[in-house]
Each structure stands twice: as C-alpha cells, then as structure tokens.
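final14.pdb (PDB, C-alpha atoms and all ligand atoms)
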ATOM      1  CA  MET G   1       0.000   0.000   0.000  1.00  0.00           C
ATOM      2  CA  ARG G   2       1.269   3.482  -0.848  1.00  0.00           C
ATOM      3  CA  GLU G   3       1.687   5.998   1.978  1.00  0.00           C
ATOM      4  CA  PRO G   4      -0.396   9.103   1.245  1.00  0.00           C
ATOM      5  CA  THR G   5       1.209  12.497   0.873  1.00  0.00           C
ATOM      6  CA  VAL G   6      -0.294  14.885   3.377  1.00  0.00           C
ATOM      7  CA  PHE G   7      -0.853  18.483   2.273  1.00  0.00           C
ATOM      8  CA  ILE G   8      -1.256  20.888   5.164  1.00  0.00           C
ATOM      9  CA  VAL G   9      -2.947  24.189   4.405  1.00  0.00           C
ATOM     10  CA  SER G  10      -2.925  26.945   7.038  1.00  0.00           C
ATOM     11  CA  ALA G  11      -4.005  30.575   6.940  1.00  0.00           C
ATOM     12  CA  PRO G  12      -5.524  33.267   9.100  1.00  0.00           C
ATOM     13  CA  SER G  13      -9.321  33.388   8.783  1.00  0.00           C
ATOM     14  CA  GLY G  14     -10.442  35.586   5.892  1.00  0.00           C
ATOM     15  CA  SER G  15      -7.427  34.735   3.711  1.00  0.00           C
ATOM     16  CA  GLY G  16      -9.597  32.804   1.266  1.00  0.00           C
ATOM     17  CA  LYS G  17      -8.291  29.422   2.395  1.00  0.00           C
ATOM     18  CA  SER G  18     -11.616  27.568   2.195  1.00  0.00           C
ATOM     19  CA  THR G  19     -12.240  28.733  -1.372  1.00  0.00           C
ATOM     20  CA  LEU G  20      -8.749  27.676  -2.411  1.00  0.00           C
ATOM     21  CA  VAL G  21      -9.106  24.265  -0.784  1.00  0.00           C
ATOM     22  CA  GLN G  22     -12.470  23.768  -2.497  1.00  0.00           C
ATOM     23  CA  ARG G  23     -10.910  24.680  -5.835  1.00  0.00           C
ATOM     24  CA  LEU G  24      -8.093  22.213  -5.177  1.00  0.00           C
ATOM     25  CA  LEU G  25     -10.503  19.378  -4.369  1.00  0.00           C
ATOM     26  CA  ALA G  26     -12.595  20.149  -7.456  1.00  0.00           C
ATOM     27  CA  THR G  27      -9.548  20.260  -9.751  1.00  0.00           C
ATOM     28  CA  VAL G  28      -7.186  17.544  -8.557  1.00  0.00           C
ATOM     29  CA  SER G  29      -8.449  13.963  -8.281  1.00  0.00           C
ATOM     30  CA  GLU G  30      -7.624  11.357  -5.644  1.00  0.00           C
ATOM     31  CA  LEU G  31      -7.566  13.734  -2.692  1.00  0.00           C
ATOM     32  CA  ILE G  32      -9.369  13.243   0.599  1.00  0.00           C
ATOM     33  CA  PHE G  33     -10.179  16.221   2.789  1.00  0.00           C
ATOM     34  CA  SER G  34      -9.956  15.559   6.500  1.00  0.00           C
ATOM     35  CA  ILE G  35     -12.943  16.877   8.456  1.00  0.00           C
ATOM     36  CA  SER G  36     -11.621  17.929  11.843  1.00  0.00           C
ATOM     37  CA  TYR G  37     -13.076  17.285  15.273  1.00  0.00           C
ATOM     38  CA  THR G  38     -13.638  20.307  17.450  1.00  0.00           C
ATOM     39  CA  THR G  39     -15.101  21.251  20.814  1.00  0.00           C
ATOM     40  CA  ARG G  40     -16.239  24.650  19.551  1.00  0.00           C
ATOM     41  CA  ARG G  41     -19.890  25.286  18.800  1.00  0.00           C
ATOM     42  CA  PRO G  42     -21.148  25.356  15.211  1.00  0.00           C
ATOM     43  CA  ARG G  43     -21.399  28.821  13.627  1.00  0.00           C
ATOM     44  CA  GLY G  44     -23.991  30.030  11.121  1.00  0.00           C
ATOM     45  CA  GLN G  45     -24.608  27.447   8.391  1.00  0.00           C
ATOM     46  CA  GLU G  46     -22.083  24.907   9.665  1.00  0.00           C
ATOM     47  CA  ARG G  47     -23.287  21.324   9.814  1.00  0.00           C
ATOM     48  CA  ASN G  48     -21.979  18.407  11.844  1.00  0.00           C
ATOM     49  CA  GLY G  49     -19.976  15.972   9.723  1.00  0.00           C
ATOM     50  CA  GLU G  50     -19.636  18.457   6.889  1.00  0.00           C
ATOM     51  CA  HIS G  51     -17.560  21.361   8.194  1.00  0.00           C
ATOM     52  CA  TYR G  52     -16.468  19.746  11.435  1.00  0.00           C
ATOM     53  CA  PHE G  53     -17.473  16.978  13.784  1.00  0.00           C
ATOM     54  CA  PHE G  54     -18.691  18.963  16.770  1.00  0.00           C
ATOM     55  CA  ILE G  55     -18.053  17.039  19.967  1.00  0.00           C
ATOM     56  CA  GLY G  56     -17.787  17.675  23.696  1.00  0.00           C
ATOM     57  CA  ARG G  57     -14.531  17.936  25.648  1.00  0.00           C
ATOM     58  CA  ASP G  58     -15.049  14.515  27.239  1.00  0.00           C
ATOM     59  CA  GLN G  59     -15.346  12.818  23.880  1.00  0.00           C
ATOM     60  CA  PHE G  60     -12.332  14.764  22.617  1.00  0.00           C
ATOM     61  CA  ARG G  61     -10.279  13.600  25.613  1.00  0.00           C
ATOM     62  CA  ARG G  62     -11.342  10.010  24.939  1.00  0.00           C
ATOM     63  CA  MET G  63     -10.145  10.350  21.358  1.00  0.00           C
ATOM     64  CA  ILE G  64      -6.762  11.606  22.607  1.00  0.00           C
ATOM     65  CA  GLN G  65      -6.478   8.732  25.088  1.00  0.00           C
ATOM     66  CA  GLY G  66      -7.497   6.212  22.451  1.00  0.00           C
ATOM     67  CA  GLU G  67      -4.761   7.600  20.154  1.00  0.00           C
ATOM     68  CA  GLU G  68      -7.365   8.270  17.517  1.00  0.00           C
ATOM     69  CA  LEU G  69      -5.878  11.645  16.591  1.00  0.00           C
ATOM     70  CA  LEU G  70      -2.984  12.267  14.243  1.00  0.00           C
ATOM     71  CA  GLU G  71      -2.573  15.713  15.792  1.00  0.00           C
ATOM     72  CA  TRP G  72      -4.555  18.034  18.005  1.00  0.00           C
ATOM     73  CA  ALA G  73      -4.202  21.503  19.460  1.00  0.00           C
ATOM     74  CA  GLU G  74      -5.916  24.083  21.588  1.00  0.00           C
ATOM     75  CA  VAL G  75      -6.465  26.889  19.121  1.00  0.00           C
ATOM     76  CA  PHE G  76      -6.566  30.511  20.335  1.00  0.00           C
ATOM     77  CA  GLY G  77      -6.400  29.133  23.882  1.00  0.00           C
ATOM     78  CA  GLN G  78     -10.094  28.277  23.698  1.00  0.00           C
ATOM     79  CA  ASP G  79     -11.254  25.199  21.843  1.00  0.00           C
ATOM     80  CA  LEU G  80      -9.709  21.871  20.960  1.00  0.00           C
ATOM     81  CA  TYR G  81      -9.310  20.863  17.332  1.00  0.00           C
ATOM     82  CA  GLY G  82      -7.937  17.587  15.996  1.00  0.00           C
ATOM     83  CA  THR G  83      -7.379  15.448  12.919  1.00  0.00           C
ATOM     84  CA  ALA G  84      -8.627  11.855  13.085  1.00  0.00           C
ATOM     85  CA  ARG G  85      -6.117   9.190  12.036  1.00  0.00           C
ATOM     86  CA  ARG G  86      -8.874   7.379  10.167  1.00  0.00           C
ATOM     87  CA  PHE G  87      -8.724   9.943   7.351  1.00  0.00           C
ATOM     88  CA  TYR G  88      -5.062   9.094   6.853  1.00  0.00           C
ATOM     89  CA  ASP G  89      -5.862   5.368   6.926  1.00  0.00           C
ATOM     90  CA  GLU G  90      -8.661   5.838   4.421  1.00  0.00           C
ATOM     91  CA  ALA G  91      -6.361   7.765   2.076  1.00  0.00           C
ATOM     92  CA  ARG G  92      -3.792   4.968   2.321  1.00  0.00           C
ATOM     93  CA  GLU G  93      -6.338   2.244   1.621  1.00  0.00           C
ATOM     94  CA  ARG G  94      -7.614   4.067  -1.444  1.00  0.00           C
ATOM     95  CA  GLY G  95      -4.194   5.173  -2.715  1.00  0.00           C
ATOM     96  CA  TYR G  96      -5.245   8.824  -2.337  1.00  0.00           C
ATOM     97  CA  ASP G  97      -3.505  11.836  -0.800  1.00  0.00           C
ATOM     98  CA  LEU G  98      -4.792  13.810   2.162  1.00  0.00           C
ATOM     99  CA  VAL G  99      -5.538  17.519   2.634  1.00  0.00           C
ATOM    100  CA  LEU G 100      -5.591  19.049   6.127  1.00  0.00           C
ATOM    101  CA  ASP G 101      -6.840  22.516   7.023  1.00  0.00           C
ATOM    102  CA  ILE G 102      -5.166  22.973  10.400  1.00  0.00           C
ATOM    103  CA  ASP G 103      -3.340  25.614  12.421  1.00  0.00           C
ATOM    104  CA  VAL G 104       0.383  26.246  12.901  1.00  0.00           C
ATOM    105  CA  GLN G 105       0.663  23.972  15.984  1.00  0.00           C
ATOM    106  CA  GLY G 106      -1.018  21.090  14.165  1.00  0.00           C
ATOM    107  CA  ALA G 107       1.173  21.641  11.117  1.00  0.00           C
ATOM    108  CA  ALA G 108       4.312  21.277  13.242  1.00  0.00           C
ATOM    109  CA  GLN G 109       3.044  18.003  14.779  1.00  0.00           C
ATOM    110  CA  VAL G 110       2.172  16.496  11.410  1.00  0.00           C
ATOM    111  CA  LYS G 111       5.521  17.501   9.896  1.00  0.00           C
ATOM    112  CA  GLN G 112       7.307  15.780  12.769  1.00  0.00           C
ATOM    113  CA  LYS G 113       5.352  12.547  12.352  1.00  0.00           C
ATOM    114  CA  LEU G 114       5.240  12.567   8.575  1.00  0.00           C
ATOM    115  CA  PRO G 115       8.300  14.404   7.268  1.00  0.00           C
ATOM    116  CA  TRP G 116       7.176  13.927   3.672  1.00  0.00           C
ATOM    117  CA  ALA G 117       4.110  16.118   4.346  1.00  0.00           C
ATOM    118  CA  ARG G 118       4.063  19.385   2.414  1.00  0.00           C
ATOM    119  CA  SER G 119       2.934  22.479   4.250  1.00  0.00           C
ATOM    120  CA  ILE G 120       1.436  25.521   2.574  1.00  0.00           C
ATOM    121  CA  PHE G 121       0.692  28.880   4.183  1.00  0.00           C
ATOM    122  CA  ILE G 122      -1.834  31.199   2.561  1.00  0.00           C
ATOM    123  CA  LEU G 123      -1.300  34.906   3.160  1.00  0.00           C
ATOM    124  CA  PRO G 124      -3.689  37.766   2.469  1.00  0.00           C
ATOM    125  CA  PRO G 125      -2.053  40.494   0.325  1.00  0.00           C
ATOM    126  CA  SER G 126      -2.255  43.022   3.182  1.00  0.00           C
ATOM    127  CA  ARG G 127      -3.941  43.735   6.497  1.00  0.00           C
ATOM    128  CA  ARG G 128      -6.271  46.206   4.835  1.00  0.00           C
ATOM    129  CA  GLU G 129      -7.366  43.634   2.253  1.00  0.00           C
ATOM    130  CA  LEU G 130      -7.971  41.073   5.009  1.00  0.00           C
ATOM    131  CA  GLU G 131     -10.052  43.611   6.935  1.00  0.00           C
ATOM    132  CA  GLU G 132     -12.139  44.383   3.842  1.00  0.00           C
ATOM    133  CA  ARG G 133     -12.717  40.682   3.159  1.00  0.00           C
ATOM    134  CA  LEU G 134     -13.830  40.050   6.733  1.00  0.00           C
ATOM    135  CA  ARG G 135     -16.281  42.960   6.448  1.00  0.00           C
ATOM    136  CA  ARG G 136     -17.568  41.831   3.031  1.00  0.00           C
ATOM    137  CA  ARG G 137     -18.249  38.383   4.451  1.00  0.00           C
ATOM    138  CA  GLY G 138     -20.663  40.096   6.799  1.00  0.00           C
ATOM    139  CA  GLU G 139     -20.482  37.221   9.291  1.00  0.00           C
ATOM    140  CA  ASP G 140     -18.889  38.972  12.210  1.00  0.00           C
ATOM    141  CA  ALA G 141     -19.532  41.867  14.517  1.00  0.00           C
ATOM    142  CA  GLU G 142     -16.947  44.670  14.554  1.00  0.00           C
ATOM    143  CA  GLU G 143     -15.404  43.397  17.769  1.00  0.00           C
ATOM    144  CA  VAL G 144     -14.949  39.909  16.275  1.00  0.00           C
ATOM    145  CA  ILE G 145     -13.365  41.399  13.138  1.00  0.00           C
ATOM    146  CA  GLN G 146     -10.850  43.296  15.260  1.00  0.00           C
ATOM    147  CA  ARG G 147     -10.053  40.107  17.202  1.00  0.00           C
ATOM    148  CA  ARG G 148      -9.571  38.137  13.990  1.00  0.00           C
ATOM    149  CA  LEU G 149      -7.212  40.824  12.673  1.00  0.00           C
ATOM    150  CA  GLN G 150      -5.137  40.684  15.837  1.00  0.00           C
ATOM    151  CA  ARG G 151      -4.985  36.904  15.661  1.00  0.00           C
ATOM    152  CA  ALA G 152      -4.036  37.078  12.006  1.00  0.00           C
ATOM    153  CA  GLY G 153      -1.121  39.341  12.936  1.00  0.00           C
ATOM    154  CA  ARG G 154       0.127  36.689  15.374  1.00  0.00           C
ATOM    155  CA  GLU G 155      -0.496  33.679  13.124  1.00  0.00           C
ATOM    156  CA  ILE G 156       1.156  35.209  10.085  1.00  0.00           C
ATOM    157  CA  GLY G 157       4.553  35.231  11.802  1.00  0.00           C
ATOM    158  CA  GLY G 158       4.477  31.403  11.654  1.00  0.00           C
ATOM    159  CA  TYR G 159       4.737  31.350   7.854  1.00  0.00           C
ATOM    160  CA  SER G 160       8.490  30.643   7.884  1.00  0.00           C
ATOM    161  CA  GLN G 161       8.015  27.068   9.192  1.00  0.00           C
ATOM    162  CA  TYR G 162       6.044  26.184   6.033  1.00  0.00           C
ATOM    163  CA  ASP G 163       7.434  24.714   2.828  1.00  0.00           C
ATOM    164  CA  TYR G 164       5.410  27.000   0.562  1.00  0.00           C
ATOM    165  CA  VAL G 165       3.722  30.385   0.809  1.00  0.00           C
ATOM    166  CA  ILE G 166       0.922  31.560  -1.475  1.00  0.00           C
ATOM    167  CA  ILE G 167      -0.040  35.228  -1.382  1.00  0.00           C
ATOM    168  CA  ASN G 168      -3.727  35.248  -2.242  1.00  0.00           C
ATOM    169  CA  ASP G 169      -3.883  38.452  -4.286  1.00  0.00           C
ATOM    170  CA  ASP G 170      -5.803  36.799  -7.128  1.00  0.00           C
ATOM    171  CA  VAL G 171      -7.944  33.754  -6.402  1.00  0.00           C
ATOM    172  CA  ASP G 172      -7.470  32.086  -9.814  1.00  0.00           C
ATOM    173  CA  ARG G 173      -3.719  32.407  -9.714  1.00  0.00           C
ATOM    174  CA  ALA G 174      -3.560  31.322  -6.082  1.00  0.00           C
ATOM    175  CA  ALA G 175      -5.713  28.240  -6.825  1.00  0.00           C
ATOM    176  CA  GLU G 176      -3.513  27.381  -9.796  1.00  0.00           C
ATOM    177  CA  ARG G 177      -0.436  27.542  -7.568  1.00  0.00           C
ATOM    178  CA  LEU G 178      -1.988  25.366  -4.880  1.00  0.00           C
ATOM    179  CA  CYS G 179      -2.914  22.732  -7.473  1.00  0.00           C
ATOM    180  CA  ALA G 180       0.587  22.888  -8.958  1.00  0.00           C
ATOM    181  CA  ILE G 181       2.212  22.311  -5.547  1.00  0.00           C
ATOM    182  CA  VAL G 182       0.068  19.200  -5.008  1.00  0.00           C
ATOM    183  CA  LEU G 183       0.554  17.832  -8.526  1.00  0.00           C
ATOM    184  CA  ALA G 184       4.324  18.408  -8.530  1.00  0.00           C
ATOM    185  CA  ALA G 185       4.761  16.736  -5.109  1.00  0.00           C
ATOM    186  CA  ARG G 186       2.628  13.787  -6.198  1.00  0.00           C
ATOM    187  CA  TRP G 187       4.534  13.401  -9.449  1.00  0.00           C
ATOM    188  CA  GLU G 188       7.873  13.562  -7.635  1.00  0.00           C
ATOM    189  CA  LYS G 189       6.812  10.869  -5.180  1.00  0.00           C
ATOM    190  CA  ARG G 190       5.409   8.600  -7.856  1.00  0.00           C
ATOM    191  CA  HIS G 191       8.453   8.952 -10.141  1.00  0.00           C
ATOM    192  CA  PRO G 192      11.460   9.110  -7.806  1.00  0.00           C
ATOM    193  CA  GLU G 193      13.792   7.951 -10.583  1.00  0.00           C
ATOM    194  CA  ARG G 194      12.757  10.612 -13.088  1.00  0.00           C
ATOM    195  CA  SER G 195      13.523  14.319 -13.423  1.00  0.00           C
ATOM    196  CA  PRO G 196      10.754  16.763 -14.328  1.00  0.00           C
ATOM    197  CA  ALA G 197      13.177  18.400 -16.769  1.00  0.00           C
ATOM    198  CA  GLY G 198      12.761  15.432 -19.100  1.00  0.00           C
ATOM    199  CA  GLU G 199       8.968  15.602 -18.998  1.00  0.00           C
ATOM    200  CA  GLY G 200       6.338  17.411 -21.022  1.00  0.00           C
ATOM    201  CA  GLY G 201       5.302  21.014 -20.589  1.00  0.00           C
ATOM    202  CA  GLU G 202       2.492  20.232 -18.162  1.00  0.00           C
ATOM    203  CA  VAL G 203       4.739  18.556 -15.590  1.00  0.00           C
ATOM    204  CA  GLN G 204       7.398  21.237 -16.017  1.00  0.00           C
ATOM    205  CA  GLY G 205       4.701  23.878 -15.531  1.00  0.00           C
ATOM    206  CA  TRP G 206       3.658  22.395 -12.171  1.00  0.00           C
ATOM    207  CA  PHE G 207       7.251  22.322 -10.997  1.00  0.00           C
ATOM    208  CA  ALA G 208       7.956  25.889 -12.117  1.00  0.00           C
ATOM    209  CA  LEU G 209       4.882  27.198 -10.264  1.00  0.00           C
ATOM    210  CA  ALA G 210       5.558  25.079  -7.176  1.00  0.00           C
ATOM    211  CA  GLU G 211       9.199  26.151  -6.974  1.00  0.00           C
ATOM    212  CA  ALA G 212       8.153  29.808  -7.257  1.00  0.00           C
ATOM    213  CA  CYS G 213       6.014  29.268  -4.134  1.00  0.00           C
ATOM    214  CA  ARG G 214       8.855  27.859  -2.012  1.00  0.00           C
ATOM    215  CA  THR G 215       9.066  29.923   1.170  1.00  0.00           C
ATOM    216  CA  GLU G 216      12.611  31.095   0.384  1.00  0.00           C
ATOM    217  CA  ALA G 217      11.515  32.238  -3.076  1.00  0.00           C
ATOM    218  CA  VAL G 218       8.451  34.152  -1.799  1.00  0.00           C
ATOM    219  CA  GLU G 219      10.289  35.713   1.168  1.00  0.00           C
ATOM    220  CA  PRO G 220      10.958  39.100  -0.498  1.00  0.00           C
ATOM    221  CA  ARG G 221       7.236  39.484  -1.230  1.00  0.00           C
ATOM    222  CA  VAL G 222       6.203  38.375   2.274  1.00  0.00           C
ATOM    223  CA  ALA G 223       8.120  41.149   4.038  1.00  0.00           C
ATOM    224  CA  PRO G 224       5.846  43.994   2.783  1.00  0.00           C
ATOM    225  CA  VAL G 225       2.731  41.986   3.751  1.00  0.00           C
ATOM    226  CA  LEU G 226       4.069  41.421   7.283  1.00  0.00           C
ATOM    227  CA  ARG G 227       4.890  45.106   7.539  1.00  0.00           C
ATOM    228  CA  THR G 228       1.220  46.052   7.043  1.00  0.00           C
ATOM    229  CA  PHE G 229       0.382  43.975  10.137  1.00  0.00           C
ATOM    230  CA  LEU G 230       3.314  45.246  12.203  1.00  0.00           C
ATOM    231  CA  GLU G 231       2.511  48.872  11.396  1.00  0.00           C
ATOM    232  CA  ALA G 232      -1.091  48.368  12.545  1.00  0.00           C
ATOM    233  CA  LYS G 233       0.139  46.862  15.815  1.00  0.00           C
ATOM    234  CA  SER G 234       2.353  49.846  16.622  1.00  0.00           C
ATOM    235  CA  GLN G 235      -0.458  52.360  16.048  1.00  0.00           C
TER     236      GLN G 235
HETATM  237  P1  LIG G 301     -12.367  27.997  12.937  1.00  0.00           P
HETATM  238  O1  LIG G 301     -12.849  27.801  14.343  1.00  0.00           O
HETATM  239  O2  LIG G 301     -12.347  29.454  12.525  1.00  0.00           O
HETATM  240  O3  LIG G 301     -13.072  27.116  11.947  1.00  0.00           O
HETATM  241  O4  LIG G 301     -10.850  27.500  12.895  1.00  0.00           O
HETATM  242  C1  LIG G 301      -9.911  28.057  13.752  1.00  0.00           C
HETATM  243  C2  LIG G 301      -8.536  27.488  13.443  1.00  0.00           C
HETATM  244  O5  LIG G 301      -8.469  26.106  13.769  1.00  0.00           O
HETATM  245  C3  LIG G 301      -8.112  27.592  11.969  1.00  0.00           C
HETATM  246  O6  LIG G 301      -6.808  28.126  11.927  1.00  0.00           O
HETATM  247  C4  LIG G 301      -8.107  26.160  11.494  1.00  0.00           C
HETATM  248  O7  LIG G 301      -7.137  25.925  10.490  1.00  0.00           O
HETATM  249  C5  LIG G 301      -7.734  25.430  12.777  1.00  0.00           C
HETATM  250  N1  LIG G 301      -8.110  24.017  12.728  1.00  0.00           N
HETATM  251  C6  LIG G 301      -9.221  23.466  12.182  1.00  0.00           C
HETATM  252  N2  LIG G 301      -9.196  22.129  12.318  1.00  0.00           N
HETATM  253  C7  LIG G 301      -8.045  21.833  12.971  1.00  0.00           C
HETATM  254  C8  LIG G 301      -7.440  20.593  13.393  1.00  0.00           C
HETATM  255  O8  LIG G 301      -7.953  19.497  13.196  1.00  0.00           O
HETATM  256  N3  LIG G 301      -6.254  20.699  14.038  1.00  0.00           N
HETATM  257  C9  LIG G 301      -5.641  21.877  14.281  1.00  0.00           C
HETATM  258  N4  LIG G 301      -4.464  21.859  14.894  1.00  0.00           N
HETATM  259  N5  LIG G 301      -6.165  23.055  13.888  1.00  0.00           N
HETATM  260  C10 LIG G 301      -7.360  23.030  13.243  1.00  0.00           C
END
Produce structure tokens that represent the structure in this file.
Ligand code: 5GP
Amino acid sequence: MREPTVFIVSAPSGSGKSTLVQRLLATVSELIFSISYTTRRPRGQERNGEHYFFIGRDQFRRMIQGEELLEWAEVFGQDLYGTARRFYDEARERGYDLVLDIDVQGAAQVKQKLPWARSIFILPPSRRELEERLRRRGEDAEEVIQRRLQRAGREIGGYSQYDYVIINDDVDRAAERLCAIVLAARWEKRHPERSPAGEGGEVQGWFALAEACRTEAVEPRVAPVLRTFLEAKSQ
C-alpha cells in the first residue's frame, strides 16, 4: 500500500483558504479532505460531519487517550481541534492523498510525524485587504473582526516554518499555484527515478509554479505583507 502524501494548508481566517481548498478538491483527483473534530460550537450554516465533527470535551479527551488523533491543538487558547487518524488510513487504503486545514501547531506536529508532508501557508495580500474581506463576508460583529485581525497578525509570523507560501492576491492564480504544488509533489513521489526536466510542458509547468512558491523564493514578497500587520500593531 502506498503511503499518502499529506498536504497541510494553514491561513488566518479571511485569507480565502476555504475557497482555495475547495478549488483544489474540485480540480485535482484522488484527494481526501480531512474533516476535523472540534469542541467549539457550530457557527452560522455549519453542519456536523460536513464542516467539522462537533463534539464535547469529554469525547475529545477520549479520542486523545485512544490515540485516535494524528494531531490536536488548543487553538486561540479556547477550543480543541484535531485530525482523526482514520482519514489518513482511508487515504492509504484508497491510494489517495490527504488535505488538512489545520493551524500552525497542528502543522508542526504532522511535519514531525510525517516528514514527507508538504505544508502551505496562505497569506492575504495586506492587512487592509484582510479587513475588507472580513467585512464583506458580513459574518462577524466589529469586535470579532478586530479580534480576527489581531490573531491574524500573530499567526502570520508562523509562515516561515512552512514549505510554501501563497499570497492570495488573485484567487485564480492562487488556486492554480496550490494545485501545482500538489501535482508536482505527487509526481515527484510517484516517479522518484525521473527528473521533471525530461517531462512534457504540463509537468514542467507544475514544478515551475511550485518552486516559485517555495518559502525562500516568496520571502521578499512576504516582508511587505508582514509590515502592514506590524505597522497596525504599533499604532
Ligand atoms: P475555525 O474555528 O475558525 O473554523 O478555525 C480556527 C482554526 O483552527 C483555523 O486556523 C483552522 O485551520 C484550525 N483548525 C481546524 N481544524 C483543525 C485541526 O484538526 N487541528 C488543528 N491543529 N487546527 C485546526
């Protein structure tokens, strides 16, 4: 049986992560999305078993004790969130790869257990853009928006532990990059003896896009984005 490649996607809320993950799942075949378990209450239109499995703290603790979780974390010092191992097992049985939408703490745990995992951090183009998106969404009260922006400022600093960074300034381009990262990693794993340089334009295209998203390559463009958050903090 082939071990799945795990793709970890993290981002502050409002960065467009859910849309990008949906685009990835609609475009690239043989991917399973892991639905997390959480102790937080459902919001708005969220449904149990679709967005999350909403469970109580006691059940969550039992899952930890039973070693049912691949990783788990207390996010924002409030609620517990975790990834069930069974999604990984299912991906392995089917020969699929696995996509996780988890936070920075979870990403570090998964990378330690599964070094082959590829981690991707999605960044908004600026603090102002993130603020406008959160307002356009119309889901949150002003106070919640301000809290999300503060959290985003803290979370964003964790980008450097990720393998890739995508600045979501254009949703089509960002989705194309996310797909390319997944397809290039999958190709590399399935053809360890081959070099993409000897392949057709499509494979080379995935690699070119994926390499351009490597954290080291994106670094110069990340600095101005971080500055917009730091400047807001000092005001
Ligand atoms: P929200 O409550 O807004 O849906 O998610 C809050 C944060 O929890 C997000 O950063 C999200 O990526 C993270 N998260 C969701 N599921 C998991 C999980 O299973 N494990 C970890 N570590 N973080 C998660």
Name every residue that the PyMOL selection byres (((not hetatm)) within 9 of (chain G and resi 301)) selects in this structure, writing the answer as an mmCIF file with C-alpha atoms, in the frame of the given file with chains first and numbers rising.
data_model
loop_
_atom_site.group_PDB
_atom_site.id
_atom_site.type_symbol
_atom_site.label_atom_id
_atom_site.label_comp_id
_atom_site.auth_asym_id
_atom_site.auth_seq_id
_atom_site.Cartn_x
_atom_site.Cartn_y
_atom_site.Cartn_z
ATOM 1 C CA VAL G 9 -2.947 24.189 4.405
ATOM 2 C CA SER G 10 -2.925 26.945 7.038
ATOM 3 C CA ALA G 11 -4.005 30.575 6.940
ATOM 4 C CA PRO G 12 -5.524 33.267 9.100
ATOM 5 C CA SER G 13 -9.321 33.388 8.783
ATOM 6 C CA LYS G 17 -8.291 29.422 2.395
ATOM 7 C CA SER G 34 -9.956 15.559 6.500
ATOM 8 C CA ILE G 35 -12.943 16.877 8.456
ATOM 9 C CA SER G 36 -11.621 17.929 11.843
ATOM 10 C CA TYR G 37 -13.076 17.285 15.273
ATOM 11 C CA THR G 38 -13.638 20.307 17.450
ATOM 12 C CA ARG G 40 -16.239 24.650 19.551
ATOM 13 C CA ARG G 41 -19.890 25.286 18.800
ATOM 14 C CA PRO G 42 -21.148 25.356 15.211
ATOM 15 C CA ARG G 43 -21.399 28.821 13.627
ATOM 16 C CA HIS G 51 -17.560 21.361 8.194
ATOM 17 C CA TYR G 52 -16.468 19.746 11.435
ATOM 18 C CA LEU G 69 -5.878 11.645 16.591
ATOM 19 C CA LEU G 70 -2.984 12.267 14.243
ATOM 20 C CA GLU G 71 -2.573 15.713 15.792
ATOM 21 C CA TRP G 72 -4.555 18.034 18.005
ATOM 22 C CA ALA G 73 -4.202 21.503 19.460
ATOM 23 C CA GLU G 74 -5.916 24.083 21.588
ATOM 24 C CA VAL G 75 -6.465 26.889 19.121
ATOM 25 C CA PHE G 76 -6.566 30.511 20.335
ATOM 26 C CA ASP G 79 -11.254 25.199 21.843
ATOM 27 C CA LEU G 80 -9.709 21.871 20.960
ATOM 28 C CA TYR G 81 -9.310 20.863 17.332
ATOM 29 C CA GLY G 82 -7.937 17.587 15.996
ATOM 30 C CA THR G 83 -7.379 15.448 12.919
ATOM 31 C CA ALA G 84 -8.627 11.855 13.085
ATOM 32 C CA LEU G 100 -5.591 19.049 6.127
ATOM 33 C CA ASP G 101 -6.840 22.516 7.023
ATOM 34 C CA ILE G 102 -5.166 22.973 10.400
ATOM 35 C CA ASP G 103 -3.340 25.614 12.421
ATOM 36 C CA VAL G 104 0.383 26.246 12.901
ATOM 37 C CA GLN G 105 0.663 23.972 15.984
ATOM 38 C CA GLY G 106 -1.018 21.090 14.165
ATOM 39 C CA ALA G 107 1.173 21.641 11.117
ATOM 40 C CA ALA G 108 4.312 21.277 13.242
ATOM 41 C CA GLN G 109 3.044 18.003 14.779
ATOM 42 C CA GLU G 155 -0.496 33.679 13.124
#
As an mmCIF file with C-alpha atoms, in the coordinates of the input, please: the residues near region 120-124 of chain G (cut-off 7 Å, only C-alpha atoms, same-chain neighbours under 4 positions excluded).
data_model
loop_
_atom_site.group_PDB
_atom_site.id
_atom_site.type_symbol
_atom_site.label_atom_id
_atom_site.label_comp_id
_atom_site.auth_asym_id
_atom_site.auth_seq_id
_atom_site.Cartn_x
_atom_site.Cartn_y
_atom_site.Cartn_z
ATOM 1 C CA ILE G 8 -1.256 20.888 5.164
ATOM 2 C CA VAL G 9 -2.947 24.189 4.405
ATOM 3 C CA SER G 10 -2.925 26.945 7.038
ATOM 4 C CA ALA G 11 -4.005 30.575 6.940
ATOM 5 C CA SER G 15 -7.427 34.735 3.711
ATOM 6 C CA LYS G 17 -8.291 29.422 2.395
ATOM 7 C CA GLU G 129 -7.366 43.634 2.253
ATOM 8 C CA LEU G 130 -7.971 41.073 5.009
ATOM 9 C CA TYR G 159 4.737 31.350 7.854
ATOM 10 C CA TYR G 162 6.044 26.184 6.033
ATOM 11 C CA ASP G 163 7.434 24.714 2.828
ATOM 12 C CA TYR G 164 5.410 27.000 0.562
ATOM 13 C CA VAL G 165 3.722 30.385 0.809
ATOM 14 C CA ILE G 166 0.922 31.560 -1.475
ATOM 15 C CA ILE G 167 -0.040 35.228 -1.382
ATOM 16 C CA ASN G 168 -3.727 35.248 -2.242
ATOM 17 C CA ASP G 169 -3.883 38.452 -4.286
#
task: On this file, the PyMOL selection byres (((chain G and resi 202-216) around 6) and not hetatm) gives some set of residues; write that set as a list in words.
output: Asp163, Tyr164, Val165, Arg177, Ala180, Ile181, Ala184, Pro196, Gly200, Gly201, Ala217, Val218 and Glu219 of chain G
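Within the file as shown, the PyMOL selection byres (((chain G and resi 89) around 12) and not hetatm) identifies G:Met1, G:Arg2, G:Glu3, G:Pro4, G:Thr5, G:Val6, G:Ile32, G:Ser34, G:Glu68, G:Leu69, G:Leu70, G:Thr83, G:Ala84, G:Arg85, G:Arg86, G:Phe87, G:Tyr88, G:Glu90, G:Ala91, G:Arg92, G:Glu93, G:Arg94, G:Gly95, G:Tyr96, G:Asp97, G:Leu98.
From CA of Cys179 (chain G) back to CA of Gly16 (chain G), the distance works out to 14.9 Å.
Across the model, the gap from CA of Ala175 (chain G) to CA of Val222 (chain G) is 18.1 Å.
Of note, CA of Val21 (chain G) and CA of Phe7 (chain G) are spaced 10.5 Å apart.
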statement: Closest of G:Gln22, G:Asp172, G:Asp58, G:Pro125 to Arg227 (chain G), counting all atoms listed in the file, is G:Pro125
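Proximity of G:Phe33, G:Ala185, G:Gln65, G:Lys113 to Glu50 (chain G), computed with all atoms listed in the file, is greatest for G:Phe33.
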query: Do you know which residues are at most 12 Å from Gln150 (chain G) counting all atoms listed in the file, after dropping those on the same chain fewer than 4 positions away, and could you put them as a PyMOL selection string?
result: chain G and resi 12-13+76+127+130-131+143-146+154-157+229-230+232-234
